[in-house]
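Student: First the structure, then my questions, so here it is.
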Amino acid sequence: MYDFYQKLVTIVFPRLRDFHGVKTNSFDGHGNYTFGFAESTVFPEIDPSKMEKTQGLAISITTTAKDDKQGLALLKALGMPFVK
């Protein structure tokens with residue numbers, strides 16, 4: 001899980017065009033964070049030439065935080081690039 005998260009933060013987000021950070025309003029009230037991509041080809045392992053049609057991707061990050069404030073602090077500490 002940490003490998004996926006590290007790849008997401010250090011490789012995938014910087015590759016996105018016009019990326020300024022993820023929004024802070026996608027928490028669920030229990031410290032968990034969900035966001036999505038319109039195309040799953042943003043990940044380097046996915047070969048776009050092998051895909052017949054474009055697919056989206058939803059990612060949920062489940063934390064041990066008790067509320068959104070703690071979840072935000074945790075993800076910031078782990079390097080999540082939130083919008084300023």
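Starting from 1 in every chain, residues are counted up; chains themselves are A, B, ... following the order of the structure tokens, and ligands are numbered from 1 as listed.
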Which neighbours of Asp67 in chain A fall inside 10 Å, counting only C-alpha atoms, when residues of the same chain fewer than 4 positions from it are skipped, and could you give them as a list of chain:residue names?

Tutor: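 Close residues of Asp67 in chain A: A:Phe27, A:Asp28, A:Gly29, A:His30, A:Gly31, A:Asn32, A:Thr63, A:Gly71, A:Leu72.
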
Student: Create the file for the chosen residues now, containing C-alpha atoms and written as a PDB file, in the first residue's frame.

Tutor:
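So result-v7.pdb came out as:
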```
ATOM      1  CA  PHE A  27     -13.052  13.400   3.139  1.00  0.00           C
ATOM      2  CA  ASP A  28     -15.956  11.235   4.297  1.00  0.00           C
ATOM      3  CA  GLY A  29     -16.313  12.476   7.882  1.00  0.00           C
ATOM      4  CA  HIS A  30     -14.275   9.594   9.327  1.00  0.00           C
ATOM      5  CA  GLY A  31     -10.810  10.615   8.088  1.00  0.00           C
ATOM      6  CA  ASN A  32     -10.905   8.623   4.837  1.00  0.00           C
ATOM      7  CA  THR A  63      -6.906   5.877   7.451  1.00  0.00           C
ATOM      8  CA  GLY A  71      -7.057  12.488   8.313  1.00  0.00           C
ATOM      9  CA  LEU A  72      -5.962  15.725   6.645  1.00  0.00           C
TER      10      LEU A  72
END
```

Student: Give the strand (DSSP E or B) residues of chain A, as assigned by DSSP on the backbone, as a ChimeraX atom specification.

Tutor: /A:22,27,33-37,57-61,82

Student: Give me a file of those residues, with C-alpha atoms, as an mmCIF file, in the first residue's frame.

Tutor:
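Dumped to part.cif:
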```cif
data_model
loop_
_atom_site.group_PDB
_atom_site.id
_atom_site.type_symbol
_atom_site.label_atom_id
_atom_site.label_comp_id
_atom_site.auth_asym_id
_atom_site.auth_seq_id
_atom_site.Cartn_x
_atom_site.Cartn_y
_atom_site.Cartn_z
ATOM 1 C CA VAL A 22 -5.990 17.669 -4.610
ATOM 2 C CA PHE A 27 -13.052 13.400 3.139
ATOM 3 C CA TYR A 33 -10.150 10.325 1.514
ATOM 4 C CA THR A 34 -11.545 9.487 -1.946
ATOM 5 C CA PHE A 35 -10.670 10.950 -5.332
ATOM 6 C CA GLY A 36 -10.650 9.823 -8.934
ATOM 7 C CA PHE A 37 -8.972 10.052 -12.308
ATOM 8 C CA LEU A 57 -10.256 5.148 -11.714
ATOM 9 C CA ALA A 58 -11.508 5.861 -8.187
ATOM 10 C CA ILE A 59 -9.084 5.675 -5.270
ATOM 11 C CA SER A 60 -10.080 5.563 -1.597
ATOM 12 C CA ILE A 61 -7.441 6.041 1.071
ATOM 13 C CA PHE A 82 -3.351 19.445 -1.199
#
```

Student: Residues at most 12 Å from Met51 in chain A, counting only C-alpha atoms, excluding those fewer than 4 positions away in the same chain, as number ranges by chain?

Tutor: A: 39-41, 46-47, 55

Student: Grab the CA of Asp68 in chain A to CA of Pro14 in chain A distance for me, in Å with one decimal place.

Tutor: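 Those two atoms sit 24.8 Å apart.
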
Student: Return as a PyMOL selection string the full set of residues in chain A whose backbone-based DSSP assignment is helix (DSSP H, G or I).

Tutor: chain A and resi 2-15+40-42+48-50+68-77

Student: Residues of the last selection are to be written out with C-alpha atoms, as a PDB file, in the first residue's frame.

Tutor:
```pdb
ATOM      1  CA  TYR A   2       2.790   2.412   0.847  1.00  0.00           C
ATOM      2  CA  ASP A   3       4.472   1.688  -2.496  1.00  0.00           C
ATOM      3  CA  PHE A   4       1.279   2.629  -4.327  1.00  0.00           C
ATOM      4  CA  TYR A   5       0.850   5.790  -2.264  1.00  0.00           C
ATOM      5  CA  GLN A   6       4.474   6.823  -2.806  1.00  0.00           C
ATOM      6  CA  LYS A   7       4.152   6.281  -6.555  1.00  0.00           C
ATOM      7  CA  LEU A   8       0.925   8.271  -6.590  1.00  0.00           C
ATOM      8  CA  VAL A   9       2.463  11.252  -4.783  1.00  0.00           C
ATOM      9  CA  THR A  10       5.904  11.276  -6.430  1.00  0.00           C
ATOM     10  CA  ILE A  11       5.239  10.072  -9.981  1.00  0.00           C
ATOM     11  CA  VAL A  12       1.570  10.240 -10.961  1.00  0.00           C
ATOM     12  CA  PHE A  13       0.536  13.640  -9.570  1.00  0.00           C
ATOM     13  CA  PRO A  14       3.574  15.476 -11.002  1.00  0.00           C
ATOM     14  CA  ARG A  15       2.825  13.976 -14.451  1.00  0.00           C
ATOM     15  CA  SER A  40      -6.277   5.278 -15.600  1.00  0.00           C
ATOM     16  CA  THR A  41      -3.410   5.716 -18.067  1.00  0.00           C
ATOM     17  CA  VAL A  42      -1.769   8.254 -15.740  1.00  0.00           C
ATOM     18  CA  PRO A  48      -2.558   2.954 -23.406  1.00  0.00           C
ATOM     19  CA  SER A  49      -2.046   1.050 -26.671  1.00  0.00           C
ATOM     20  CA  LYS A  50      -3.396  -2.117 -25.039  1.00  0.00           C
ATOM     21  CA  ASP A  68     -11.386  14.605   8.804  1.00  0.00           C
ATOM     22  CA  LYS A  69      -9.054  16.984  10.621  1.00  0.00           C
ATOM     23  CA  GLN A  70      -6.832  14.112  11.754  1.00  0.00           C
ATOM     24  CA  GLY A  71      -7.057  12.488   8.313  1.00  0.00           C
ATOM     25  CA  LEU A  72      -5.962  15.725   6.645  1.00  0.00           C
ATOM     26  CA  ALA A  73      -3.017  16.065   9.040  1.00  0.00           C
ATOM     27  CA  LEU A  74      -1.995  12.450   8.417  1.00  0.00           C
ATOM     28  CA  LEU A  75      -2.102  12.725   4.632  1.00  0.00           C
ATOM     29  CA  LYS A  76      -0.248  16.052   4.716  1.00  0.00           C
ATOM     30  CA  ALA A  77       2.458  14.407   6.836  1.00  0.00           C
TER      31      ALA A  77
END
```
